[in-house]
file structure06.txt (compact mmCIF, C-alpha atoms)
# COMPACT_ATOMS: atom_id res chain seq x y z
CA MET A 2 72.53 3.68 12.90
CA SER A 3 72.88 7.26 11.72
CA LEU A 4 71.64 10.37 13.45
CA THR A 5 68.21 11.72 12.52
CA ASP A 6 67.72 15.33 11.43
CA LYS A 7 66.27 16.14 14.85
CA GLN A 8 69.30 14.60 16.55
CA LEU A 9 71.70 16.50 14.28
CA GLU A 10 70.00 19.68 15.43
CA ARG A 11 69.62 18.75 19.10
CA TYR A 12 73.28 17.74 19.45
CA SER A 13 74.71 20.27 16.95
CA ARG A 14 76.88 21.98 19.59
CA HIS A 15 78.44 18.60 20.38
CA ILE A 16 78.80 17.53 16.78
CA ILE A 17 80.66 20.71 15.83
CA LEU A 18 83.38 19.86 18.38
CA LYS A 19 86.24 18.10 16.63
CA GLU A 20 86.65 15.78 19.64
CA ILE A 21 83.04 14.59 19.26
CA GLY A 22 81.55 14.93 15.77
CA GLY A 23 78.76 12.67 14.56
CA LYS A 24 80.72 9.56 15.52
CA GLY A 25 81.25 10.76 19.07
CA GLN A 26 77.60 11.69 19.47
CA GLN A 27 76.72 8.19 18.31
CA LYS A 28 79.03 6.82 21.01
CA ILE A 29 77.22 8.96 23.59
CA LEU A 30 73.85 7.69 22.34
CA ASN A 31 75.14 4.14 22.72
CA GLY A 32 76.63 4.94 26.15
CA LYS A 33 75.34 3.41 29.37
CA VAL A 34 75.88 5.16 32.69
CA LEU A 35 74.72 4.03 36.12
CA ILE A 36 74.15 6.69 38.77
CA ILE A 37 74.03 5.42 42.34
CA GLY A 38 72.37 7.98 44.61
CA ALA A 39 69.99 10.50 43.04
CA GLY A 40 70.80 13.41 45.35
CA GLY A 41 72.94 16.52 45.37
CA LEU A 42 75.57 14.96 43.10
CA GLY A 43 73.44 12.48 41.18
CA ALA A 44 70.70 14.96 40.23
CA PRO A 45 72.84 17.40 38.21
CA ALA A 46 75.01 14.57 36.86
CA THR A 47 71.91 12.76 35.59
CA MET A 48 70.47 15.89 33.98
CA TYR A 49 73.63 16.75 32.06
CA LEU A 50 74.07 13.16 30.90
CA ALA A 51 70.44 13.04 29.78
CA ALA A 52 70.76 16.36 27.94
CA ALA A 53 73.96 15.07 26.30
CA GLY A 54 72.02 12.10 24.96
CA VAL A 55 73.53 9.21 26.93
CA GLY A 56 71.36 6.40 25.60
CA THR A 57 70.91 4.39 28.78
CA ILE A 58 70.90 5.91 32.26
CA GLY A 59 70.33 3.73 35.29
CA ILE A 60 69.44 5.46 38.56
CA VAL A 61 69.60 3.71 41.92
CA ASP A 62 67.95 5.18 45.02
CA ASP A 63 65.37 3.90 47.47
CA ASP A 64 64.57 7.31 48.93
CA ARG A 65 61.67 9.68 48.48
CA VAL A 66 61.95 13.38 47.66
CA ASP A 67 62.06 15.48 50.82
CA LEU A 68 61.40 19.22 51.00
CA SER A 69 64.96 19.73 52.30
CA ASN A 70 66.35 18.10 49.13
CA LEU A 71 65.08 20.85 46.83
CA GLN A 72 67.78 23.35 47.85
CA ARG A 73 70.28 21.37 45.74
CA GLN A 74 68.69 18.35 44.05
CA ILE A 75 67.58 20.25 40.98
CA ILE A 76 66.03 17.30 39.14
CA TYR A 77 62.99 17.48 41.51
CA GLN A 78 60.22 20.08 41.66
CA THR A 79 58.17 21.16 44.66
CA GLU A 80 55.25 18.95 43.60
CA ASP A 81 57.56 15.90 43.62
CA VAL A 82 57.95 15.94 47.41
CA GLY A 83 56.96 12.50 48.71
CA LYS A 84 57.51 10.72 45.37
CA LYS A 85 60.11 8.00 44.95
CA LYS A 86 63.23 9.75 43.68
CA VAL A 87 64.03 7.33 40.88
CA PHE A 88 60.54 7.57 39.34
CA SER A 89 60.40 11.35 39.66
CA ALA A 90 63.88 11.67 38.11
CA ALA A 91 62.86 9.28 35.31
CA GLU A 92 59.84 11.46 34.49
CA THR A 93 62.03 14.57 34.28
CA ILE A 94 64.55 12.86 32.01
CA LYS A 95 61.82 11.54 29.72
CA SER A 96 60.49 15.05 29.20
CA MET A 97 64.04 16.39 28.70
CA ASN A 98 65.15 13.92 26.06
CA SER A 99 63.29 10.95 24.60
CA ASP A 100 66.56 9.54 23.20
CA VAL A 101 67.38 8.40 26.74
CA LYS A 102 66.21 5.08 28.13
CA VAL A 103 65.95 5.44 31.91
CA ILE A 104 66.21 2.38 34.12
CA PRO A 105 65.03 3.17 37.65
CA TYR A 106 66.17 0.90 40.49
CA ALA A 107 64.10 1.83 43.55
CA GLU A 108 66.37 -0.01 45.94
CA ARG A 109 69.35 0.51 48.17
CA VAL A 110 72.56 -1.04 46.93
CA ASP A 111 74.16 -3.72 49.04
CA SER A 112 76.51 -6.64 48.55
CA LYS A 113 73.68 -8.81 47.25
CA ASN A 114 72.33 -6.59 44.47
CA ILE A 115 75.13 -4.25 43.31
CA MET A 116 76.76 -6.72 40.93
CA ASP A 117 73.39 -7.58 39.36
CA ILE A 118 72.52 -3.91 38.92
CA ILE A 119 75.85 -3.17 37.22
CA HIS A 120 75.47 -6.28 35.05
CA ASP A 121 71.80 -5.51 34.27
CA GLN A 122 72.68 -3.23 31.35
CA ASP A 123 76.44 -3.90 31.41
CA TYR A 124 76.99 -0.23 32.26
CA ASP A 125 80.09 1.46 30.83
CA PHE A 126 80.65 3.89 33.69
CA ILE A 127 79.36 4.29 37.23
CA ILE A 128 78.82 7.51 39.15
CA ASP A 129 78.94 7.41 42.95
CA GLY A 130 76.53 10.07 44.13
CA THR A 131 75.91 8.51 47.52
CA ASP A 132 76.08 10.21 50.89
CA ASN A 133 77.43 7.43 53.06
CA PHE A 134 80.73 5.64 53.43
CA PRO A 135 79.57 2.01 53.59
CA VAL A 136 78.08 2.38 50.11
CA LYS A 137 81.05 4.38 48.80
CA PHE A 138 83.32 1.48 49.77
CA LEU A 139 80.84 -1.03 48.33
CA ILE A 140 80.78 0.78 44.96
CA ASN A 141 84.58 0.95 44.94
CA ASP A 142 85.03 -2.74 45.68
CA ALA A 143 82.35 -3.83 43.18
CA CYS A 144 83.94 -1.71 40.44
CA VAL A 145 87.41 -3.09 41.23
CA PHE A 146 86.07 -6.67 41.11
CA LEU A 147 84.15 -6.06 37.86
CA ASN A 148 86.86 -3.92 36.21
CA LYS A 149 84.41 -1.04 35.81
CA PRO A 150 85.44 2.63 35.80
CA PHE A 151 83.68 4.90 38.25
CA SER A 152 83.67 8.45 39.55
CA HIS A 153 83.83 8.97 43.30
CA ALA A 154 82.78 12.27 44.85
CA GLY A 155 81.81 13.91 48.11
CA ILE A 156 80.56 17.35 49.12
CA ILE A 157 80.25 19.11 52.45
CA ARG A 158 79.85 22.74 53.50
CA PHE A 159 81.75 24.74 50.84
CA GLN A 160 83.98 21.86 49.77
CA GLY A 161 83.91 19.02 47.33
CA GLN A 162 86.24 16.37 46.02
CA THR A 163 86.21 13.83 43.23
CA MET A 164 88.41 11.16 41.68
CA THR A 165 88.00 8.71 38.84
CA TYR A 166 88.91 5.05 39.05
CA LEU A 167 90.02 3.30 35.89
CA PRO A 168 90.77 -0.42 36.24
CA HIS A 169 94.52 -1.08 36.48
CA GLN A 170 95.29 2.58 35.77
CA GLY A 171 95.98 4.22 39.09
CA PRO A 172 94.51 4.16 42.57
CA CYS A 173 91.08 3.13 43.82
CA TYR A 174 89.22 4.76 46.73
CA ARG A 175 90.63 2.20 49.17
CA CYS A 176 94.18 3.11 48.10
CA ILE A 177 93.50 6.42 49.92
CA PHE A 178 91.06 5.38 52.62
CA GLU A 179 91.40 1.88 54.00
CA THR A 180 88.07 1.47 55.71
CA PRO A 181 84.93 3.54 56.46
CA PRO A 182 85.16 5.96 59.39
CA PRO A 183 82.95 5.28 62.41
CA PRO A 184 79.56 7.01 62.20
CA ASP A 185 79.36 10.63 63.40
CA VAL A 186 83.13 11.12 63.26
CA VAL A 187 82.98 12.60 59.79
CA PRO A 188 80.09 15.06 59.48
CA THR A 189 77.32 14.54 56.93
CA CYS A 190 75.58 17.25 54.91
CA LYS A 191 72.57 16.90 57.20
CA GLN A 192 74.69 17.65 60.26
CA ALA A 193 77.18 20.12 58.79
CA GLY A 194 75.26 21.64 55.89
CA VAL A 195 76.26 22.09 52.28
CA LEU A 196 76.01 24.95 49.83
CA GLY A 197 73.47 23.66 47.31
CA VAL A 198 75.56 24.49 44.29
CA MET A 199 78.45 22.24 45.45
CA GLY A 200 76.59 19.24 44.04
CA GLY A 201 76.21 21.10 40.76
CA VAL A 202 79.93 21.81 40.47
CA ILE A 203 81.14 18.36 41.49
CA GLY A 204 78.26 16.38 39.97
CA SER A 205 78.87 18.14 36.65
CA ILE A 206 82.54 17.15 36.83
CA GLN A 207 81.44 13.54 37.38
CA ALA A 208 79.20 13.77 34.30
CA THR A 209 82.12 15.26 32.34
CA GLU A 210 84.32 12.31 33.31
CA ALA A 211 81.62 9.85 32.19
CA LEU A 212 81.29 11.58 28.81
CA LYS A 213 85.07 11.76 28.30
CA TYR A 214 85.32 8.07 29.13
CA ILE A 215 82.58 7.17 26.64
CA LEU A 216 84.17 9.37 23.97
CA GLY A 217 87.74 8.29 24.75
CA VAL A 218 88.98 11.88 24.79
CA GLY A 219 91.28 13.85 27.08
CA HIS A 220 92.71 12.85 30.43
CA LEU A 221 90.53 11.58 33.24
CA LEU A 222 90.91 12.12 36.97
CA ASN A 223 92.50 8.73 37.53
CA GLY A 224 95.58 9.14 39.70
CA TYR A 225 94.30 12.41 41.11
CA LEU A 226 91.97 13.68 43.79
CA LEU A 227 90.48 16.99 42.73
CA ILE A 228 89.68 19.09 45.78
CA TYR A 229 87.45 22.15 45.43
CA ASP A 230 87.11 24.92 47.99
CA ALA A 231 84.35 27.35 47.08
CA LEU A 232 85.24 29.88 49.80
CA THR A 233 88.72 30.47 48.39
CA MET A 234 87.53 29.47 44.89
CA THR A 235 90.45 27.13 44.41
CA PHE A 236 90.78 23.74 42.80
CA ARG A 237 93.72 21.56 43.85
CA LYS A 238 94.57 18.47 41.85
CA VAL A 239 96.48 16.20 44.21
CA GLN A 240 98.43 13.37 42.65
CA ILE A 241 97.61 10.02 44.22
CA ASN A 242 99.70 6.99 43.44
CA HIS A 243 98.41 3.45 43.37
CA ASN A 244 98.92 1.96 46.83
CA GLU A 245 100.64 -1.42 46.53
CA HIS A 246 99.38 -2.29 50.02
CA CYS A 247 95.75 -1.53 49.07
CA THR A 248 93.50 -4.22 50.58
CA VAL A 249 91.37 -4.51 47.45
CA CYS A 250 93.52 -3.55 44.42
CA GLY A 251 97.04 -3.94 45.87
CA ASP A 252 99.62 -6.63 45.21
CA ILE A 253 98.15 -9.05 47.74
CA PRO A 254 94.50 -8.07 48.27
CA SER A 255 92.92 -9.29 51.50
CA ILE A 256 89.41 -8.23 50.45
CA THR A 257 88.05 -10.56 47.80
CA THR A 258 84.31 -10.38 48.46
CA LEU A 259 81.90 -7.49 48.94
CA ILE A 260 81.35 -6.18 52.45
CA ASP A 261 78.18 -4.62 53.89
CA TYR A 262 79.40 -2.25 56.54
CA GLU A 263 76.53 -1.46 58.88
CA ILE A 264 75.92 1.11 61.53
CA SER A 265 75.99 -0.73 64.84
CA GLY A 266 76.66 0.94 68.16
CA CYS A 267 79.60 3.25 67.67
CA SER A 268 81.31 1.68 64.70
CA TRP A 269 80.68 0.40 61.21
CA LYS A 270 80.62 -3.35 61.38
CA ARG A 271 80.78 -5.95 58.72
CA GLY A 272 77.16 -7.06 58.34
CA MET B 20 112.08 25.08 58.14
CA THR B 21 109.32 25.35 55.61
CA ILE B 22 107.05 22.60 54.34
CA ARG B 23 103.88 22.54 52.25
CA VAL B 24 100.68 21.17 53.72
CA ASN B 25 97.67 20.94 51.39
CA GLY B 26 99.19 23.54 49.11
CA LYS B 27 99.97 26.04 51.86
CA GLU B 28 103.43 26.85 53.19
CA ILE B 29 103.92 26.21 56.88
CA THR B 30 106.98 27.31 58.83
CA LEU B 31 108.07 25.05 61.65
CA GLU B 32 110.68 25.76 64.33
CA LYS B 33 111.85 22.17 64.27
CA SER B 34 111.08 18.90 62.56
CA VAL B 35 107.91 17.29 63.86
CA ASN B 36 106.28 13.91 63.33
CA ILE B 37 103.03 13.42 61.42
CA ASP B 38 100.96 13.12 64.61
CA ASP B 39 102.17 16.54 65.77
CA LEU B 40 101.80 18.02 62.31
CA LEU B 41 98.13 16.98 62.22
CA VAL B 42 97.61 19.02 65.39
CA ILE B 43 99.72 22.00 64.24
CA ALA B 44 97.94 22.15 60.90
CA LYS B 45 94.55 21.82 62.67
CA ALA B 46 93.43 18.75 60.77
CA GLU B 47 89.75 17.95 61.31
CA ALA B 48 89.15 14.47 62.84
CA PRO B 49 92.91 13.65 62.67
CA LEU B 50 92.30 9.97 63.44
CA TYR B 51 90.59 9.61 60.06
CA VAL B 52 92.89 11.63 57.84
CA SER B 53 94.96 9.84 55.21
CA VAL B 54 98.42 11.30 54.83
CA GLN B 55 100.68 11.50 51.80
CA LEU B 56 104.29 12.61 52.25
CA ASN B 57 105.95 13.54 48.98
CA GLU B 58 103.31 11.54 47.09
CA ASN B 59 103.71 8.37 49.18
CA PHE B 60 101.11 7.22 51.68
CA VAL B 61 102.30 7.07 55.29
CA LYS B 62 100.83 4.19 57.24
CA ARG B 63 99.02 5.29 60.38
CA GLN B 64 101.26 3.13 62.57
CA ASN B 65 104.24 5.09 61.22
CA PHE B 66 102.83 8.57 61.96
CA ALA B 67 104.77 8.84 65.22
CA VAL B 68 108.10 7.83 63.69
CA THR B 69 107.80 9.79 60.43
CA PHE B 70 109.33 13.27 60.69
CA VAL B 71 108.99 16.00 58.09
CA LYS B 72 112.02 17.76 56.69
CA GLU B 73 112.68 20.98 54.78
CA ASN B 74 110.63 21.35 51.56
CA ASP B 75 108.51 18.26 52.20
CA VAL B 76 105.10 18.21 50.54
CA VAL B 77 102.37 16.84 52.77
CA GLU B 78 98.77 16.18 51.81
CA PHE B 79 96.06 15.55 54.37
CA LEU B 80 93.24 13.75 52.59
CA TYR B 81 89.83 13.87 54.20
CA PHE B 82 86.79 11.67 54.01
CA MET B 83 83.98 13.48 52.26
CA GLY B 84 80.52 12.00 52.11
CA GLY B 85 77.56 14.13 51.20
CA GLY B 86 75.57 14.05 48.05
CA GLU B 87 72.46 12.08 48.60
CA ARG B 88 70.40 13.31 51.53
call {"tool": "encode", "arguments": {"input": "structure06.txt", "output": "structure tokens"}}
result
Amino acid sequence: MSLTDKQLERYSRHIILKEIGGKGQQKILNGKVLIIGAGGLGAPATMYLAAAGVGTIGIVDDDRVDLSNLQRQIIYQTEDVGKKKVFSAAETIKSMNSDVKVIPYAERVDSKNIMDIIHDQDYDFIIDGTDNFPVKFLINDACVFLNKPFSHAGIIRFQGQTMTYLPHQGPCYRCIFETPPPPDVVPTCKQAGVLGVMGGVIGSIQATEALKYILGVGHLLNGYLLIYDALTMTFRKVQINHNEHCTVCGDIPSITTLIDYEISGCSWKRG
Amino acid sequence: MTIRVNGKEITLEKSVNIDDLLVIAKAEAPLYVSVQLNENFVKRQNFAVTFVKENDVVEFLYFMGGGER
């Protein structure tokens, strides 16, 4: 399928790039990205991917838009407060770019549905925009099991960090962090606060990684954790080696099925 | 002796183990920090017996959630 005149004009600033061209834009239009968590990270990531013309965008979130979200979750407007996030985000994307097919999943991911959601459209790349560690570990493990690339990220206060997992090419999230921390040990944005724009910076990097993966250009953040400090305005790219003792992607993995960590008493427990 | 922790130079009077270094470098929630020494992960059970030496490069890696809510 060739690009229409309207598409040639809409994506002209992409097409003029030698790394993209008409062929690359076609790859983007055929691309399928799943965004889990439509919040501070997921909102800007989704918008840039939609503007870029990613043909299929899946969004997973069971939450509704809250007034306190609007300080950073730029895909929602004031009148969207109270609406289901995935449907509100889908409306915004549709008005941004009709080339994009949006698949909303108004549910919370767990061990029972995550594989089906990823398989649903056989997504090329997954973006972790979630706020909690049980789901971050779940996404990691599911992507390791399914050999799917994904972008991990977190933001808090004036800091953010992100890494990209590529199957069999460097570390996964569990190579760094073995197991979720107990609740309330590591502060959340709700408790500690976050500068709204942090999601924009880091979420946009996640979207960049997805596009580079689809295009097959440049070097991705596999094998690195990129750590951003807005107060000192520094980015540090820390090399992370694959951990041979990793419990999910190491030489002798002990984790071979998905785990639902749940909040129970003072610790995450396997549900 | 001088080592690098998260990109910053730190001067120590003597060699210390990772447990002490976490305190000296004021790591937040030190029980949940992952530690790389010269690009190799140090297992938590080895923190007490792993001592830093001149010019070592140490990375404290922190959990970071955030994003959704």
call {"tool": "residues_around", "arguments": {"input": "structure06.txt", "residues": "Pro49 (chain B)", "least_positions_apart": "3", "cutoff": "10 Å", "atoms": "all atoms listed in the file", "output": "list in words"}}
result
Asp38, Leu40, Leu41, Val42, Lys45, Ala46, Val52, Ser53, Val54, Phe79 and Tyr81 of chain B
call {"tool": "residues_around", "arguments": {"input": "structure06.txt", "residues": "Val103 (chain A)", "least_positions_apart": "4", "cutoff": "12 Å", "atoms": "only C-alpha atoms", "output": "number ranges by chain"}}
result
A: 33-36, 47-48, 50-51, 54-61, 87-99, 122
call {"tool": "residues_around", "arguments": {"input": "structure06.txt", "residues": "Gly204 (chain A)", "least_positions_apart": "2", "cutoff": "9 Å", "atoms": "all atoms listed in the file", "output": "VMD selection string"}}
result
(chain A and resid 41 to 47 128 130 154 163 199 to 202 206 to 209) or (chain B and resid 86)
call {"tool": "axis_aligned_box", "arguments": {"input": "structure06.txt", "around": "region 65-72 of chain B", "padding_each_side": "5 Å", "output": "lines of an AutoDock Vina configuration file"}}
result
center_x = 107.4
center_y = 11.4
center_z = 61.0
size_x = 19.2
size_y = 22.7
size_z = 18.5
call {"tool": "interface_residues", "arguments": {"input": "structure06.txt", "of": "chain A", "to": "chain B", "cutoff": "6 Å", "atoms": "only C-alpha atoms", "output": "list in words"}}
result
Gly38, Gly40, Gly41, Leu42, Gly130, Thr131, Asp132, Asn133, Gly155, Ile156, Ile157, Thr189 and Cys190 of chain A
call {"tool": "write_last_selection", "arguments": {"input": "structure06.txt", "atoms": "C-alpha atoms", "output": "PDB file, keeping the file's coordinate frame"}}
result
ATOM      1  CA  GLY A  38      72.370   7.980  44.610  1.00  0.00           C
ATOM      2  CA  GLY A  40      70.800  13.410  45.350  1.00  0.00           C
ATOM      3  CA  GLY A  41      72.940  16.520  45.370  1.00  0.00           C
ATOM      4  CA  LEU A  42      75.570  14.960  43.100  1.00  0.00           C
ATOM      5  CA  GLY A 130      76.530  10.070  44.130  1.00  0.00           C
ATOM      6  CA  THR A 131      75.910   8.510  47.520  1.00  0.00           C
ATOM      7  CA  ASP A 132      76.080  10.210  50.890  1.00  0.00           C
ATOM      8  CA  ASN A 133      77.430   7.430  53.060  1.00  0.00           C
ATOM      9  CA  GLY A 155      81.810  13.910  48.110  1.00  0.00           C
ATOM     10  CA  ILE A 156      80.560  17.350  49.120  1.00  0.00           C
ATOM     11  CA  ILE A 157      80.250  19.110  52.450  1.00  0.00           C
ATOM     12  CA  THR A 189      77.320  14.540  56.930  1.00  0.00           C
ATOM     13  CA  CYS A 190      75.580  17.250  54.910  1.00  0.00           C
TER      14      CYS A 190
END
call {"tool": "residues_near_point", "arguments": {"input": "structure06.txt", "point": "(75.8, 0.8, 41.6)", "cutoff": "7 Å", "atoms": "all atoms listed in the file", "output": "ChimeraX atom specification"}}
result
/A:35-37,61,110,115,118-119,127,140
call {"tool": "write_last_selection", "arguments": {"input": "structure06.txt", "atoms": "C-alpha atoms", "output": "short mmCIF file (atom, residue, chain, number, x, y, z; two decimals), in the frame of the given file"}}
result
data_model
loop_
_atom_site.label_atom_id
_atom_site.label_comp_id
_atom_site.auth_asym_id
_atom_site.auth_seq_id
_atom_site.Cartn_x
_atom_site.Cartn_y
_atom_site.Cartn_z
CA LEU A 35 74.72 4.03 36.12
CA ILE A 36 74.15 6.69 38.77
CA ILE A 37 74.03 5.42 42.34
CA VAL A 61 69.60 3.71 41.92
CA VAL A 110 72.56 -1.04 46.93
CA ILE A 115 75.13 -4.25 43.31
CA ILE A 118 72.52 -3.91 38.92
CA ILE A 119 75.85 -3.17 37.22
CA ILE A 127 79.36 4.29 37.23
CA ILE A 140 80.78 0.78 44.96
#
call {"tool": "residues_around", "arguments": {"input": "structure06.txt", "residues": "Asp81 (chain A)", "least_positions_apart": "2", "cutoff": "10 Å", "atoms": "all atoms listed in the file", "output": "ChimeraX atom specification"}}
result
/A:65-68,71,76-79,83-86,88-90
call {"tool": "write_last_selection", "arguments": {"input": "structure06.txt", "atoms": "C-alpha atoms", "output": "tab-separated table (two decimals), in the frame of the given file"}}
result
chain	number	residue	atom	x	y	z
A	65	ARG	CA	61.67	9.68	48.48
A	66	VAL	CA	61.95	13.38	47.66
A	67	ASP	CA	62.06	15.48	50.82
A	68	LEU	CA	61.40	19.22	51.00
A	71	LEU	CA	65.08	20.85	46.83
A	76	ILE	CA	66.03	17.30	39.14
A	77	TYR	CA	62.99	17.48	41.51
A	78	GLN	CA	60.22	20.08	41.66
A	79	THR	CA	58.17	21.16	44.66
A	83	GLY	CA	56.96	12.50	48.71
A	84	LYS	CA	57.51	10.72	45.37
A	85	LYS	CA	60.11	8.00	44.95
A	86	LYS	CA	63.23	9.75	43.68
A	88	PHE	CA	60.54	7.57	39.34
A	89	SER	CA	60.40	11.35	39.66
A	90	ALA	CA	63.88	11.67	38.11
call {"tool": "atom_distance", "arguments": {"input": "structure06.txt", "atom1": "CA of Pro135 (chain A)", "atom2": "CA of Gly171 (chain A)"}}
result
22.0 Å
call {"tool": "closest_residue", "arguments": {"input": "structure06.txt", "among": "A:Leu196, A:Ile241, A:Leu30, A:Ile16", "to": "Met2 (chain A)", "atoms": "all atoms listed in the file"}}
result
A:Leu30
call {"tool": "atom_distance", "arguments": {"input": "structure06.txt", "atom1": "CA of Asp142 (chain A)", "atom2": "CA of Leu222 (chain A)"}}
result
18.2 Å
call {"tool": "closest_residue", "arguments": {"input": "structure06.txt", "among": "A:Asp64, A:Asp125, A:Asp100, A:Asp185", "to": "Val82 (chain A)", "atoms": "all atoms listed in the file"}}
result
A:Asp64
